[in-house]
Amino acid sequence: MTCSISEGTLKQYNATYKLWWSFCLKHQIPVWDATTSHVLKFLTYVQTNKKLKDGSIKSHKSALALILNTDLSNNILLKRYLKGVYRRNPPTPKYNSTWNPQPLLDYISNMAEPLDLKSLSQKLVTLLALTTAGRLQTISLIRISGIVESPQKIQIFISDRIKTSSLNKKQPCLQLPFFNEKPTLCVASALKKYIQLTNNIRKGEQDFLFLTAKAPHNLASKQTLTHSTRHSASSAALRQGLSLETICRTVGWSESSQTFGKFYNRPLIDDTAFAKSIINLTPL
């Protein structure tokens, strides 16, 4: 049962169990045999004292559902309560606005060649984040063995589990077209240069793409890469006239998902259309 839950989710649930343990001891509630009424009192307690929103309350409920004998998933009172939490304190976007990627693209296009490993790493990560709108986790899991080149583009198949992985969902495949008309912004060419530059410093069977710029050139963690470009790239693509369907498919949301409208479309079916819309922000 625990193997069905990701390591990150288990860590999140652990915070719930600490609060639940203290709450049960204080109110003399059986930890493993609590009733729905006890769960409602606990959720009300954490919602009131921690000022939590809908998503956090649902996470607490899911954590308790894993250890209690009570069926929490189909309880009418719990469903009504969670709906009330959502309506009282709905989720809000993390950002009210986002930055324009145009100045960054201009800077990248004017970087003097040849680039050292650190500069090339920064350029490649930035272009990957902008042209694929991929999560930092996805970019950090790129493997050389998953890279397939054709005359028109490079495809990157992600084999490791990511946040959006599920039983009936395809793993992401990043599409990188060759921008021959804008070689300084061509993410596919930058990828080839990076592989060539790091070829001699890779150790043994080091398959993950990104290495640290400084010796001994170990695997680069996702914390060493970059992040908020995802929001800016999505909004910029929409301003360039790209359809919402293509944006959602590129960044890994379902076509019916409201994620982009709620959280990523901040003011300001060609599988390579997303990447092209970002690079085409910069005039020839």
# chains A, B, ... in the order shown; residues from 1 in each chain; ligands from 1
>>> residues_around(residues="A:Phe42", least_positions_apart="2", cutoff="9 Å", atoms="only C-alpha atoms", output="MDAnalysis selection string")
chainID A and resid 19:20 23:24 37:40 44:47
>>> select_by_dssp(residues="stretch 64-191 of chain A", states="alpha helix (DSSP H)", output="count of residues only")
51
>>> atom_distance(atom1="atom CA of A:Ala34", atom2="atom CA of A:Pro90")
27.9 Å
>>> atom_distance(atom1="atom CA of A:Phe208", atom2="atom CA of A:Pro183")
25.0 Å
>>> atom_distance(atom1="atom CA of A:Ala112", atom2="atom CA of A:Leu127")
16.2 Å
>>> residues_around(residues="A:Leu185", least_positions_apart="4", cutoff="8 Å", atoms="only C-alpha atoms", output="number ranges by chain")
A: 105, 108-109, 127, 179, 279
>>> write_last_selection(atoms="all heavy atoms", output="PDB file, in the first residue's frame")
ATOM      1  N   LEU A 105      15.535  36.157 -24.038  1.00  0.00           N
ATOM      2  CA  LEU A 105      15.849  35.581 -25.349  1.00  0.00           C
ATOM      3  C   LEU A 105      16.853  36.461 -26.099  1.00  0.00           C
ATOM      4  O   LEU A 105      17.758  35.952 -26.779  1.00  0.00           O
ATOM      5  CB  LEU A 105      14.571  35.420 -26.169  1.00  0.00           C
ATOM      6  CG  LEU A 105      13.598  34.329 -25.692  1.00  0.00           C
ATOM      7  CD1 LEU A 105      12.290  34.410 -26.469  1.00  0.00           C
ATOM      8  CD2 LEU A 105      14.215  32.943 -25.845  1.00  0.00           C
ATOM      9  N   ILE A 108      20.264  35.767 -24.568  1.00  0.00           N
ATOM     10  CA  ILE A 108      20.800  34.463 -24.978  1.00  0.00           C
ATOM     11  C   ILE A 108      21.298  34.508 -26.422  1.00  0.00           C
ATOM     12  O   ILE A 108      22.352  33.957 -26.749  1.00  0.00           O
ATOM     13  CB  ILE A 108      19.729  33.371 -24.814  1.00  0.00           C
ATOM     14  CG1 ILE A 108      19.422  33.150 -23.331  1.00  0.00           C
ATOM     15  CG2 ILE A 108      20.172  32.060 -25.464  1.00  0.00           C
ATOM     16  CD1 ILE A 108      18.292  32.177 -23.077  1.00  0.00           C
ATOM     17  N   SER A 109      20.538  35.175 -27.277  1.00  0.00           N
ATOM     18  CA  SER A 109      20.927  35.222 -28.697  1.00  0.00           C
ATOM     19  C   SER A 109      22.211  36.002 -28.910  1.00  0.00           C
ATOM     20  O   SER A 109      22.880  35.834 -29.928  1.00  0.00           O
ATOM     21  CB  SER A 109      19.794  35.839 -29.524  1.00  0.00           C
ATOM     22  OG  SER A 109      19.596  37.201 -29.177  1.00  0.00           O
ATOM     23  N   LEU A 127      16.563  27.526 -22.312  1.00  0.00           N
ATOM     24  CA  LEU A 127      15.840  27.274 -23.559  1.00  0.00           C
ATOM     25  C   LEU A 127      14.921  26.062 -23.438  1.00  0.00           C
ATOM     26  O   LEU A 127      13.806  26.063 -23.968  1.00  0.00           O
ATOM     27  CB  LEU A 127      16.828  27.075 -24.709  1.00  0.00           C
ATOM     28  CG  LEU A 127      17.550  28.333 -25.196  1.00  0.00           C
ATOM     29  CD1 LEU A 127      18.560  27.980 -26.289  1.00  0.00           C
ATOM     30  CD2 LEU A 127      16.553  29.373 -25.724  1.00  0.00           C
ATOM     31  N   PHE A 179      15.960  25.177 -35.197  1.00  0.00           N
ATOM     32  CA  PHE A 179      15.661  26.532 -35.669  1.00  0.00           C
ATOM     33  C   PHE A 179      16.836  27.022 -36.511  1.00  0.00           C
ATOM     34  O   PHE A 179      17.686  27.765 -36.034  1.00  0.00           O
ATOM     35  CB  PHE A 179      15.420  27.472 -34.491  1.00  0.00           C
ATOM     36  CG  PHE A 179      14.174  27.154 -33.705  1.00  0.00           C
ATOM     37  CD1 PHE A 179      14.265  26.490 -32.490  1.00  0.00           C
ATOM     38  CD2 PHE A 179      12.925  27.505 -34.185  1.00  0.00           C
ATOM     39  CE1 PHE A 179      13.131  26.187 -31.762  1.00  0.00           C
ATOM     40  CE2 PHE A 179      11.789  27.206 -33.462  1.00  0.00           C
ATOM     41  CZ  PHE A 179      11.886  26.543 -32.251  1.00  0.00           C
ATOM     42  N   ILE A 279      10.379  30.846 -29.505  1.00  0.00           N
ATOM     43  CA  ILE A 279      11.542  31.355 -30.226  1.00  0.00           C
ATOM     44  C   ILE A 279      11.150  32.461 -31.188  1.00  0.00           C
ATOM     45  O   ILE A 279      11.912  33.409 -31.419  1.00  0.00           O
ATOM     46  CB  ILE A 279      12.276  30.225 -30.958  1.00  0.00           C
ATOM     47  CG1 ILE A 279      12.766  29.175 -29.960  1.00  0.00           C
ATOM     48  CG2 ILE A 279      13.456  30.751 -31.772  1.00  0.00           C
ATOM     49  CD1 ILE A 279      13.691  29.735 -28.891  1.00  0.00           C
TER      50      ILE A 279
END
>>> residues_around(residues="A:Lys11", least_positions_apart="5", cutoff="12 Å", atoms="only C-alpha atoms", output="ChimeraX atom specification")
/A:2,5-6,16-18,59,63
>>> write_last_selection(atoms="all heavy atoms", output="PDB file, in the first residue's frame")
ATOM      1  N   THR A   2       1.930   1.239   0.791  1.00  0.00           N
ATOM      2  CA  THR A   2       2.782   2.427   0.827  1.00  0.00           C
ATOM      3  C   THR A   2       3.557   2.604  -0.479  1.00  0.00           C
ATOM      4  O   THR A   2       3.926   3.723  -0.835  1.00  0.00           O
ATOM      5  CB  THR A   2       3.784   2.350   2.003  1.00  0.00           C
ATOM      6  OG1 THR A   2       4.507   1.121   1.920  1.00  0.00           O
ATOM      7  CG2 THR A   2       3.057   2.434   3.327  1.00  0.00           C
ATOM      8  N   ILE A   5       2.248   5.023  -3.115  1.00  0.00           N
ATOM      9  CA  ILE A   5       2.349   6.459  -2.835  1.00  0.00           C
ATOM     10  C   ILE A   5       3.786   6.900  -3.043  1.00  0.00           C
ATOM     11  O   ILE A   5       4.729   6.204  -2.659  1.00  0.00           O
ATOM     12  CB  ILE A   5       1.907   6.758  -1.386  1.00  0.00           C
ATOM     13  CG1 ILE A   5       0.471   6.292  -1.173  1.00  0.00           C
ATOM     14  CG2 ILE A   5       2.028   8.239  -1.071  1.00  0.00           C
ATOM     15  CD1 ILE A   5       0.034   6.366   0.260  1.00  0.00           C
ATOM     16  N   SER A   6       3.963   8.059  -3.650  1.00  0.00           N
ATOM     17  CA  SER A   6       5.309   8.558  -3.921  1.00  0.00           C
ATOM     18  C   SER A   6       6.007   8.970  -2.627  1.00  0.00           C
ATOM     19  O   SER A   6       5.364   9.223  -1.594  1.00  0.00           O
ATOM     20  CB  SER A   6       5.245   9.761  -4.869  1.00  0.00           C
ATOM     21  OG  SER A   6       4.650  10.874  -4.230  1.00  0.00           O
ATOM     22  N   THR A  16       0.877  15.369   8.525  1.00  0.00           N
ATOM     23  CA  THR A  16      -0.492  15.138   8.997  1.00  0.00           C
ATOM     24  C   THR A  16      -0.499  14.233  10.215  1.00  0.00           C
ATOM     25  O   THR A  16      -1.197  14.499  11.211  1.00  0.00           O
ATOM     26  CB  THR A  16      -1.341  14.492   7.881  1.00  0.00           C
ATOM     27  OG1 THR A  16      -1.378  15.352   6.759  1.00  0.00           O
ATOM     28  CG2 THR A  16      -2.761  14.217   8.368  1.00  0.00           C
ATOM     29  N   TYR A  17       0.281  13.151  10.156  1.00  0.00           N
ATOM     30  CA  TYR A  17       0.271  12.173  11.235  1.00  0.00           C
ATOM     31  C   TYR A  17       0.802  12.760  12.542  1.00  0.00           C
ATOM     32  O   TYR A  17       0.335  12.386  13.624  1.00  0.00           O
ATOM     33  CB  TYR A  17       1.095  10.949  10.833  1.00  0.00           C
ATOM     34  CG  TYR A  17       0.519  10.233   9.620  1.00  0.00           C
ATOM     35  CD1 TYR A  17       1.349   9.657   8.664  1.00  0.00           C
ATOM     36  CD2 TYR A  17      -0.856  10.156   9.424  1.00  0.00           C
ATOM     37  CE1 TYR A  17       0.825   9.018   7.557  1.00  0.00           C
ATOM     38  CE2 TYR A  17      -1.388   9.519   8.320  1.00  0.00           C
ATOM     39  CZ  TYR A  17      -0.553   8.958   7.383  1.00  0.00           C
ATOM     40  OH  TYR A  17      -1.075   8.334   6.279  1.00  0.00           O
ATOM     41  N   LYS A  18       1.746  13.670  12.459  1.00  0.00           N
ATOM     42  CA  LYS A  18       2.236  14.334  13.673  1.00  0.00           C
ATOM     43  C   LYS A  18       1.137  15.179  14.307  1.00  0.00           C
ATOM     44  O   LYS A  18       0.929  15.148  15.531  1.00  0.00           O
ATOM     45  CB  LYS A  18       3.450  15.207  13.337  1.00  0.00           C
ATOM     46  CG  LYS A  18       4.706  14.420  13.000  1.00  0.00           C
ATOM     47  CD  LYS A  18       5.870  15.355  12.673  1.00  0.00           C
ATOM     48  CE  LYS A  18       7.126  14.567  12.339  1.00  0.00           C
ATOM     49  NZ  LYS A  18       8.259  15.465  11.998  1.00  0.00           N
ATOM     50  N   SER A  59      -5.402  17.021   1.417  1.00  0.00           N
ATOM     51  CA  SER A  59      -4.216  16.209   1.669  1.00  0.00           C
ATOM     52  C   SER A  59      -4.280  15.580   3.052  1.00  0.00           C
ATOM     53  O   SER A  59      -3.943  14.390   3.221  1.00  0.00           O
ATOM     54  CB  SER A  59      -2.955  17.067   1.531  1.00  0.00           C
ATOM     55  OG  SER A  59      -1.796  16.326   1.859  1.00  0.00           O
ATOM     56  N   ALA A  63      -4.446  11.548   3.874  1.00  0.00           N
ATOM     57  CA  ALA A  63      -3.482  10.914   4.778  1.00  0.00           C
ATOM     58  C   ALA A  63      -4.195  10.085   5.837  1.00  0.00           C
ATOM     59  O   ALA A  63      -3.790   8.952   6.142  1.00  0.00           O
ATOM     60  CB  ALA A  63      -2.604  11.983   5.432  1.00  0.00           C
TER      61      ALA A  63
END
>>> residues_around(residues="A:Thr70", least_positions_apart="2", cutoff="7 Å", atoms="only C-alpha atoms", output="list of chain:residue names")
A:Thr35, A:Thr36, A:Leu68, A:Leu72
>>> closest_residue(among="A:Ile139, A:Leu117, A:Leu10, A:Leu77", to="A:Lys214", atoms="only C-alpha atoms")
A:Leu117
>>> residues_around(residues="A:Ala215", least_positions_apart="3", cutoff="9 Å", atoms="only C-alpha atoms", output="MDAnalysis selection string")
chainID A and resid 201 212 218
>>> residues_around(residues="stretch 219-221 of chain A", least_positions_apart="5", cutoff="7 Å", atoms="only C-alpha atoms", output="JSON, numbers by chain")
{"A": [140, 210, 211, 212]}
>>> closest_residue(among="A:Lys170, A:Ile142, A:Gln152, A:Thr131", to="A:Ser277", atoms="only C-alpha atoms")
A:Thr131
